[in-house]
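The file run.cif contains mmCIF, C-alpha atoms:
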data_data
loop_
_atom_site.group_PDB
_atom_site.id
_atom_site.type_symbol
_atom_site.label_atom_id
_atom_site.label_comp_id
_atom_site.auth_asym_id
_atom_site.auth_seq_id
_atom_site.Cartn_x
_atom_site.Cartn_y
_atom_site.Cartn_z
ATOM 1 C CA MET A 939 56.588 28.745 23.989
ATOM 2 C CA ASP A 940 54.616 29.837 20.936
ATOM 3 C CA GLU A 941 55.302 26.517 19.255
ATOM 4 C CA ARG A 942 54.046 24.632 22.299
ATOM 5 C CA GLU A 943 50.785 26.637 22.350
ATOM 6 C CA ASP A 944 50.284 25.955 18.622
ATOM 7 C CA LEU A 945 50.781 22.251 19.238
ATOM 8 C CA LEU A 946 48.329 22.310 22.164
ATOM 9 C CA LYS A 947 45.774 24.117 20.016
ATOM 10 C CA LYS A 948 46.249 21.587 17.232
ATOM 11 C CA ILE A 949 45.927 18.736 19.731
ATOM 12 C CA LYS A 950 42.710 20.291 21.065
ATOM 13 C CA ILE A 951 41.368 20.661 17.515
ATOM 14 C CA LEU A 952 42.279 17.035 16.752
ATOM 15 C CA GLU A 953 40.678 15.857 20.005
ATOM 16 C CA ASP A 954 37.491 17.780 19.136
ATOM 17 C CA GLN A 955 37.483 16.260 15.657
ATOM 18 C CA LEU A 956 38.064 12.807 17.120
ATOM 19 C CA GLU A 957 35.125 13.282 19.493
ATOM 20 C CA TYR A 958 32.959 14.489 16.604
ATOM 21 C CA TYR A 959 33.872 11.448 14.504
ATOM 22 C CA ARG A 960 33.197 9.108 17.415
ATOM 23 C CA MET A 961 29.771 10.696 17.819
ATOM 24 C CA ARG A 962 29.095 10.372 14.059
ATOM 25 C CA ASP A 963 30.273 6.759 14.190
ATOM 26 C CA ALA A 964 27.800 6.029 16.993
ATOM 27 C CA GLN A 965 25.014 7.739 15.014
ATOM 28 C CA MET A 966 25.873 5.732 11.910
ATOM 29 C CA GLU A 967 25.914 2.510 13.932
ATOM 30 C CA GLN A 968 22.452 3.332 15.320
ATOM 31 C CA MET A 969 21.162 4.134 11.835
ATOM 32 C CA LEU A 970 22.528 0.817 10.551
ATOM 33 C CA GLN A 971 20.773 -1.048 13.342
ATOM 34 C CA GLU A 972 17.498 0.750 12.592
ATOM 35 C CA TYR A 973 17.912 0.047 8.891
ATOM 36 C CA ASN A 974 18.603 -3.640 9.564
ATOM 37 C CA GLN A 975 15.480 -3.865 11.722
ATOM 38 C CA PHE A 976 13.464 -2.139 9.001
ATOM 39 C CA ILE A 977 14.765 -4.505 6.307
ATOM 40 C CA LYS A 978 14.117 -7.522 8.528
ATOM 41 C CA LYS A 979 10.536 -6.332 9.045
ATOM 42 C CA GLN A 980 10.122 -5.815 5.276
ATOM 43 C CA PHE A 981 11.287 -9.379 4.608
ATOM 44 C CA GLU A 982 8.912 -10.699 7.263
ATOM 45 C CA LEU A 983 6.018 -8.762 5.712
ATOM 46 C CA TYR A 984 6.924 -10.065 2.280
ATOM 47 C CA ASP A 985 7.177 -13.636 3.588
ATOM 48 C CA ASP A 986 3.755 -13.263 5.229
ATOM 49 C CA PHE A 987 2.402 -11.857 2.000
ATOM 50 C CA VAL A 988 3.604 -14.658 -0.278
ATOM 51 C CA LYS A 989 3.284 -17.643 2.058
ATOM 52 C CA ASP A 990 -0.370 -18.171 1.150
ATOM 53 C CA ILE A 991 0.036 -17.792 -2.619
ATOM 54 C CA GLY A 992 -1.276 -20.890 -4.273
ATOM 55 C CA THR A 993 -3.486 -21.763 -1.321
ATOM 56 C CA SER A 994 -7.214 -21.403 -0.815
ATOM 57 C CA ARG A 995 -6.641 -18.734 1.851
ATOM 58 C CA ILE A 996 -6.092 -16.036 -0.747
ATOM 59 C CA ILE A 997 -9.182 -16.720 -2.878
ATOM 60 C CA ASP A 998 -12.774 -16.100 -1.833
ATOM 61 C CA PRO A 999 -14.530 -19.427 -2.548
ATOM 62 C CA VAL A 1000 -17.796 -17.864 -3.758
ATOM 63 C CA THR A 1001 -16.602 -15.067 -6.052
ATOM 64 C CA ARG A 1002 -13.157 -16.430 -7.011
ATOM 65 C CA VAL A 1003 -11.511 -13.047 -6.335
ATOM 66 C CA TYR A 1004 -8.900 -12.358 -3.673
ATOM 67 C CA SER A 1005 -9.977 -12.791 -0.063
ATOM 68 C CA GLN A 1006 -10.283 -9.947 2.414
ATOM 69 C CA GLU A 1007 -7.096 -10.879 4.266
ATOM 70 C CA HIS A 1008 -5.035 -11.180 1.104
ATOM 71 C CA MET A 1009 -6.439 -8.004 -0.423
ATOM 72 C CA SER A 1010 -5.711 -6.025 2.750
ATOM 73 C CA ARG A 1011 -2.119 -7.227 2.708
ATOM 74 C CA LEU A 1012 -1.776 -6.540 -0.996
ATOM 75 C CA ILE A 1013 -3.065 -2.982 -0.665
ATOM 76 C CA SER A 1014 -0.813 -2.288 2.339
ATOM 77 C CA TYR A 1015 2.180 -3.713 0.505
ATOM 78 C CA TYR A 1016 1.462 -1.703 -2.629
ATOM 79 C CA HIS A 1017 0.848 1.457 -0.601
ATOM 80 C CA GLN A 1018 4.337 1.147 0.887
ATOM 81 C CA LYS A 1019 5.875 0.511 -2.557
ATOM 82 C CA ALA A 1020 4.019 3.469 -4.046
ATOM 83 C CA PHE A 1021 5.305 5.710 -1.260
ATOM 84 C CA GLU A 1022 8.893 4.509 -1.688
ATOM 85 C CA GLU A 1023 8.868 4.719 -5.477
ATOM 86 C CA ASN A 1024 6.684 7.824 -5.843
ATOM 87 C CA ARG A 1025 3.967 6.010 -7.797
ATOM 88 C CA GLY A 1026 0.263 6.593 -8.001
ATOM 89 C CA TYR A 1027 -2.440 4.029 -7.493
ATOM 90 C CA ALA A 1028 -6.183 3.939 -6.985
ATOM 91 C CA ILE A 1029 -8.648 1.957 -4.930
ATOM 92 C CA VAL A 1030 -12.163 1.433 -6.242
ATOM 93 C CA MET A 1031 -14.794 0.162 -3.804
ATOM 94 C CA ILE A 1032 -18.009 -1.483 -4.967
ATOM 95 C CA LYS A 1033 -20.865 -2.393 -2.624
ATOM 96 C CA LEU A 1034 -23.850 -4.543 -3.507
ATOM 97 C CA CYS A 1035 -26.759 -2.703 -1.909
ATOM 98 C CA LYS A 1036 -29.515 -5.277 -1.551
ATOM 99 C CA GLN A 1037 -29.270 -8.743 -0.084
ATOM 100 C CA ASN A 1038 -31.997 -10.930 -1.528
ATOM 101 C CA GLU A 1039 -32.386 -14.548 -2.612
ATOM 102 C CA GLU A 1040 -30.069 -13.952 -5.599
ATOM 103 C CA PHE A 1041 -27.398 -12.235 -3.502
ATOM 104 C CA GLU A 1042 -24.735 -14.887 -4.053
ATOM 105 C CA LYS A 1043 -25.429 -14.995 -7.796
ATOM 106 C CA HIS A 1044 -24.991 -11.209 -7.979
ATOM 107 C CA LEU A 1045 -21.723 -11.421 -6.030
ATOM 108 C CA VAL A 1046 -20.376 -13.979 -8.503
ATOM 109 C CA SER A 1047 -21.449 -11.789 -11.444
ATOM 110 C CA ILE A 1048 -19.817 -8.696 -9.963
ATOM 111 C CA GLY A 1049 -16.583 -10.563 -9.213
ATOM 112 C CA ARG A 1050 -16.431 -11.927 -12.769
ATOM 113 C CA LEU A 1051 -17.208 -8.521 -14.269
ATOM 114 C CA LEU A 1052 -14.566 -6.736 -12.195
ATOM 115 C CA LYS A 1053 -11.874 -9.193 -13.257
ATOM 116 C CA ASN A 1054 -12.813 -8.501 -16.889
ATOM 117 C CA VAL A 1055 -12.687 -4.688 -16.720
ATOM 118 C CA VAL A 1056 -9.228 -4.318 -15.132
ATOM 119 C CA ARG A 1057 -5.691 -5.024 -16.300
ATOM 120 C CA VAL A 1058 -4.929 -8.447 -14.864
ATOM 121 C CA PRO A 1059 -2.257 -9.070 -13.481
ATOM 122 C CA MET A 1060 -1.365 -5.402 -12.886
ATOM 123 C CA ASP A 1061 -4.629 -4.693 -11.095
ATOM 124 C CA SER A 1062 -6.221 -6.839 -8.416
ATOM 125 C CA VAL A 1063 -9.814 -7.561 -7.447
ATOM 126 C CA GLY A 1064 -10.794 -8.673 -3.970
ATOM 127 C CA LYS A 1065 -13.745 -8.995 -1.667
ATOM 128 C CA ILE A 1066 -13.355 -7.111 1.605
ATOM 129 C CA SER A 1067 -16.684 -7.921 3.246
ATOM 130 C CA ASP A 1068 -19.819 -9.960 2.596
ATOM 131 C CA ASP A 1069 -21.163 -7.400 0.131
ATOM 132 C CA THR A 1070 -18.183 -5.209 -0.807
ATOM 133 C CA PHE A 1071 -15.460 -5.555 -3.415
ATOM 134 C CA VAL A 1072 -12.293 -3.539 -3.823
ATOM 135 C CA VAL A 1073 -10.157 -3.060 -6.923
ATOM 136 C CA LEU A 1074 -6.500 -2.010 -6.669
ATOM 137 C CA LEU A 1075 -5.419 -0.120 -9.779
ATOM 138 C CA THR A 1076 -1.632 0.102 -9.928
ATOM 139 C CA ASP A 1077 0.463 2.765 -11.639
ATOM 140 C CA VAL A 1078 -2.440 5.059 -12.495
ATOM 141 C CA ASN A 1079 -3.045 8.764 -12.222
ATOM 142 C CA LYS A 1080 -6.315 10.492 -11.331
ATOM 143 C CA GLU A 1081 -7.517 10.747 -14.948
ATOM 144 C CA ASN A 1082 -6.934 7.072 -15.748
ATOM 145 C CA ALA A 1083 -8.511 6.012 -12.459
ATOM 146 C CA GLN A 1084 -11.567 8.144 -13.296
ATOM 147 C CA ARG A 1085 -11.908 6.363 -16.658
ATOM 148 C CA VAL A 1086 -11.688 2.934 -15.047
ATOM 149 C CA PHE A 1087 -14.162 4.033 -12.376
ATOM 150 C CA GLU A 1088 -16.648 5.134 -15.057
ATOM 151 C CA ARG A 1089 -16.109 1.898 -17.004
ATOM 152 C CA ILE A 1090 -16.812 -0.145 -13.862
ATOM 153 C CA LYS A 1091 -19.988 1.853 -13.102
ATOM 154 C CA ASP A 1092 -21.251 1.532 -16.673
ATOM 155 C CA SER A 1093 -20.451 -2.183 -16.847
ATOM 156 C CA LEU A 1094 -22.190 -2.847 -13.544
ATOM 157 C CA LYS A 1095 -25.290 -1.001 -14.744
ATOM 158 C CA LYS A 1096 -25.395 -2.819 -18.108
ATOM 159 C CA SER A 1097 -24.290 -6.307 -17.162
ATOM 160 C CA VAL A 1098 -25.308 -6.992 -13.582
ATOM 161 C CA GLY A 1099 -28.358 -4.781 -13.277
ATOM 162 C CA VAL A 1100 -28.471 -4.562 -9.471
ATOM 163 C CA ASP A 1101 -28.094 -1.608 -7.136
ATOM 164 C CA THR A 1102 -24.468 -0.941 -6.328
ATOM 165 C CA LYS A 1103 -22.564 1.970 -4.897
ATOM 166 C CA VAL A 1104 -19.132 2.694 -6.336
ATOM 167 C CA SER A 1105 -16.444 5.099 -5.159
ATOM 168 C CA PHE A 1106 -12.720 5.556 -5.692
ATOM 169 C CA LYS A 1107 -9.681 7.286 -4.224
ATOM 170 C CA VAL A 1108 -6.301 7.966 -5.803
ATOM 171 C CA TYR A 1109 -2.974 8.015 -3.979
ATOM 172 C CA PRO A 1110 -1.481 10.592 -3.434
ATOM 173 C CA ASN A 1111 -4.095 12.994 -4.877
ATOM 174 C CA ASP A 1112 -6.862 12.082 -2.421
ATOM 175 C CA GLY A 1113 -4.576 11.539 0.534
ATOM 176 C CA GLU A 1114 -1.484 9.727 1.691
ATOM 177 C CA ASP A 1115 -2.945 7.965 4.734
ATOM 178 C CA LEU A 1116 -4.189 4.558 3.608
ATOM 179 C CA GLU A 1117 -6.488 4.018 6.592
ATOM 180 C CA LYS A 1118 -8.215 7.376 6.043
ATOM 181 C CA MET A 1119 -8.665 6.642 2.346
ATOM 182 C CA ILE A 1120 -10.264 3.262 3.129
ATOM 183 C CA GLN A 1121 -12.523 4.833 5.769
ATOM 184 C CA GLN A 1122 -13.629 7.529 3.327
ATOM 185 C CA LEU A 1123 -14.382 4.927 0.669
ATOM 186 C CA GLN A 1124 -16.386 2.838 3.125
ATOM 187 C CA SER A 1125 -18.432 5.826 4.224
ATOM 188 C CA GLU A 1126 -19.088 6.822 0.593
ATOM 189 C CA VAL A 1127 -20.471 3.398 -0.349
ATOM 190 C CA SER A 1128 -22.459 2.856 2.847
#

Here is the file; what I need is its structure written in the form of structure tokens.
Amino acid sequence: MDEREDLLKKIKILEDQLEYYRMRDAQMEQMLQEYNQFIKKQFELYDDFVKDIGTSRIIDPVTRVYSQEHMSRLISYYHQKAFEENRGYAIVMIKLCKQNEEFEKHLVSIGRLLKNVVRVPMDSVGKISDDTFVVLLTDVNKENAQRVFERIKDSLKKSVGVDTKVSFKVYPNDGEDLEKMIQQLQSEVS
């Protein structure tokens, strides 16, 4: 009788283990489905990102820097990569304060200047509104971003000679929420 009870206990243990493994299998299957959906979404985002490369949709026709739509996608894409790969980056926002008869000329000058003071192709310059530029500085820490920020301010003062407001934020030092960082930058240059 003792042997029979031992066998029943072992069967119960094996049945419990089998149930546990079935549950783990179901969890793994769900995780695989979620992962596949995530990867599919990443490929779709990447396809959306690169489909306009080489077209006029990614370049602002006046300033010859990236357009608002392209720059927004680029920043979002890089934000995700920085999060995944534990990298730092910075966003510098520059606003032209006065709109006068030479407004367009000043925009062109600022766009040209910004492209000259950053590390192309590592960094990107774009226009995000009628009077506001944004610079994405990749793979930088707070100290390096501060130096680039100061160089941009000094260059704007010396070369362009118009009123501008400039601000910057560094990921992850100044926050990890991209939307909040952009909102803070916009309020600082307004």

One decimal place gives the atom CA of A:Asp1069-atom CA of A:Ile996 separation as 17.4 Å

Might you pull out every residue within 12 Å of A:Glu1117, with all atoms listed in the file counted and same-chain residues fewer than 4 positions away left off, and present them as a VMD selection string? chain A and resid 1010 1013 to 1014 1017 1029 1107 1109 1113 1121 to 1124

Save out the residues we just selected, C-alpha atoms, as a PDB file, in the frame of the given file.
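Resulting contents of result.pdb:
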ATOM      1  CA  SER A1010      -5.711  -6.025   2.750  1.00  0.00           C
ATOM      2  CA  ILE A1013      -3.065  -2.982  -0.665  1.00  0.00           C
ATOM      3  CA  SER A1014      -0.813  -2.288   2.339  1.00  0.00           C
ATOM      4  CA  HIS A1017       0.848   1.457  -0.601  1.00  0.00           C
ATOM      5  CA  ILE A1029      -8.648   1.957  -4.930  1.00  0.00           C
ATOM      6  CA  LYS A1107      -9.681   7.286  -4.224  1.00  0.00           C
ATOM      7  CA  TYR A1109      -2.974   8.015  -3.979  1.00  0.00           C
ATOM      8  CA  GLY A1113      -4.576  11.539   0.534  1.00  0.00           C
ATOM      9  CA  GLN A1121     -12.523   4.833   5.769  1.00  0.00           C
ATOM     10  CA  GLN A1122     -13.629   7.529   3.327  1.00  0.00           C
ATOM     11  CA  LEU A1123     -14.382   4.927   0.669  1.00  0.00           C
ATOM     12  CA  GLN A1124     -16.386   2.838   3.125  1.00  0.00           C
TER      13      GLN A1124
END

Hey, what comes out of the PyMOL selection byres ((chain A and resi 1054) around 12) on this file? Could you write it as number ranges by chain? A: 1003, 1047-1053, 1055-1059, 1061-1063, 1073, 1086, 1089-1090, 1093-1094, 1097

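In terms of minimum interatomic distance to A:Lys1080, A:Asn1111 ranks closest within A:Asn1111, A:Asn974, A:Thr1102, A:Ser1125, counting all atoms listed in the file.
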
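The space between atom CA of A:Tyr959 and atom CA of A:Tyr973 spans 20.4 Å.
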
Separation of atom CA of A:Asn1038 and atom CA of A:Glu1007, in Å? 25.6 Å

Ranking A:Lys1095, A:Phe1021, A:Gln975, A:Gln1006 by minimum distance to A:Asp1115 and counting all atoms listed in the file, which one comes first? A:Phe1021

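Each of A:Val1078, A:Cys1035, A:Ile977, A:Ala1083 was compared to A:Lys1103 using only C-alpha atoms, and A:Cys1035 turns out to be the nearest.
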
Box in all listed atoms of stretch 994-1002 of chain A, axis-aligned, with 8 Å more on each side; write out centre and edge lengths in Å to one decimal as JSON.
{"center_x": -11.9, "center_y": -18.2, "center_z": -2.6, "size_x": 27.7, "size_y": 22.3, "size_z": 24.9}

Which residue of A:Leu1012, A:Asp944, A:Tyr984, A:Leu1045 approaches A:Met1060 most closely, using all atoms listed in the file: A:Leu1012

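Once the PyMOL selection byres ((chain A and resi 1067) around 12) is applied to the shown structure, the selection contains Asp998, Thr1001, Tyr1004, Ser1005, Gln1006, Glu1007, Met1009, Ser1010, Met1031, Ile1032, Lys1033, Leu1034, Leu1045, Gly1064, Lys1065, Ile1066, Asp1068, Asp1069, Thr1070, Phe1071, Val1072 and Gln1124 of chain A.
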
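Among the candidates A:Glu941, A:Glu1042, A:Asp1112, A:Asp954, the one nearest to A:Tyr1027 when counting all atoms listed in the file is A:Asp1112.
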
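Proximity of A:Thr1076, A:Ser1105, A:Gln1037, A:Gln968 to A:Tyr1015, computed with all atoms listed in the file, is greatest for A:Thr1076.
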
Will you model N, CA and C atoms for stretch 1078-1097 of chain A and pass it back as a short mmCIF file (atom, residue, chain, number, x, y, z; two decimals), keeping the file's coordinate frame?
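Dumped to out-v5.cif:
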data_model
loop_
_atom_site.label_atom_id
_atom_site.label_comp_id
_atom_site.auth_asym_id
_atom_site.auth_seq_id
_atom_site.Cartn_x
_atom_site.Cartn_y
_atom_site.Cartn_z
N VAL A 1078 -1.47 4.22 -11.80
CA VAL A 1078 -2.44 5.06 -12.50
C VAL A 1078 -2.44 6.46 -11.90
N ASN A 1079 -2.85 7.40 -12.72
CA ASN A 1079 -3.04 8.76 -12.22
C ASN A 1079 -4.55 8.99 -12.05
N LYS A 1080 -4.91 10.18 -11.63
CA LYS A 1080 -6.32 10.49 -11.33
C LYS A 1080 -7.20 10.34 -12.57
N GLU A 1081 -6.71 10.80 -13.73
CA GLU A 1081 -7.52 10.75 -14.95
C GLU A 1081 -7.79 9.31 -15.38
N ASN A 1082 -6.75 8.47 -15.36
CA ASN A 1082 -6.93 7.07 -15.75
C ASN A 1082 -7.83 6.35 -14.75
N ALA A 1083 -7.67 6.63 -13.48
CA ALA A 1083 -8.51 6.01 -12.46
C ALA A 1083 -9.97 6.42 -12.67
N GLN A 1084 -10.20 7.67 -13.03
CA GLN A 1084 -11.57 8.14 -13.30
C GLN A 1084 -12.19 7.37 -14.45
N ARG A 1085 -11.40 7.12 -15.51
CA ARG A 1085 -11.91 6.36 -16.66
C ARG A 1085 -12.27 4.93 -16.26
N VAL A 1086 -11.41 4.30 -15.49
CA VAL A 1086 -11.69 2.93 -15.05
C VAL A 1086 -12.91 2.92 -14.14
N PHE A 1087 -13.01 3.90 -13.26
CA PHE A 1087 -14.16 4.03 -12.38
C PHE A 1087 -15.46 4.12 -13.19
N GLU A 1088 -15.46 4.97 -14.21
CA GLU A 1088 -16.65 5.13 -15.06
C GLU A 1088 -16.95 3.84 -15.81
N ARG A 1089 -15.91 3.16 -16.29
CA ARG A 1089 -16.11 1.90 -17.00
C ARG A 1089 -16.72 0.85 -16.08
N ILE A 1090 -16.26 0.80 -14.84
CA ILE A 1090 -16.81 -0.14 -13.86
C ILE A 1090 -18.28 0.18 -13.60
N LYS A 1091 -18.59 1.46 -13.36
CA LYS A 1091 -19.99 1.85 -13.10
C LYS A 1091 -20.88 1.49 -14.27
N ASP A 1092 -20.44 1.82 -15.48
CA ASP A 1092 -21.25 1.53 -16.67
C ASP A 1092 -21.43 0.02 -16.86
N SER A 1093 -20.37 -0.73 -16.68
CA SER A 1093 -20.45 -2.18 -16.85
C SER A 1093 -21.37 -2.81 -15.81
N LEU A 1094 -21.30 -2.32 -14.58
CA LEU A 1094 -22.19 -2.85 -13.54
C LEU A 1094 -23.65 -2.58 -13.90
N LYS A 1095 -23.92 -1.38 -14.40
CA LYS A 1095 -25.29 -1.00 -14.74
C LYS A 1095 -25.81 -1.87 -15.89
N LYS A 1096 -24.98 -2.08 -16.92
CA LYS A 1096 -25.40 -2.82 -18.11
C LYS A 1096 -25.45 -4.33 -17.87
N SER A 1097 -24.43 -4.85 -17.24
CA SER A 1097 -24.29 -6.31 -17.16
C SER A 1097 -24.97 -6.95 -15.97
#
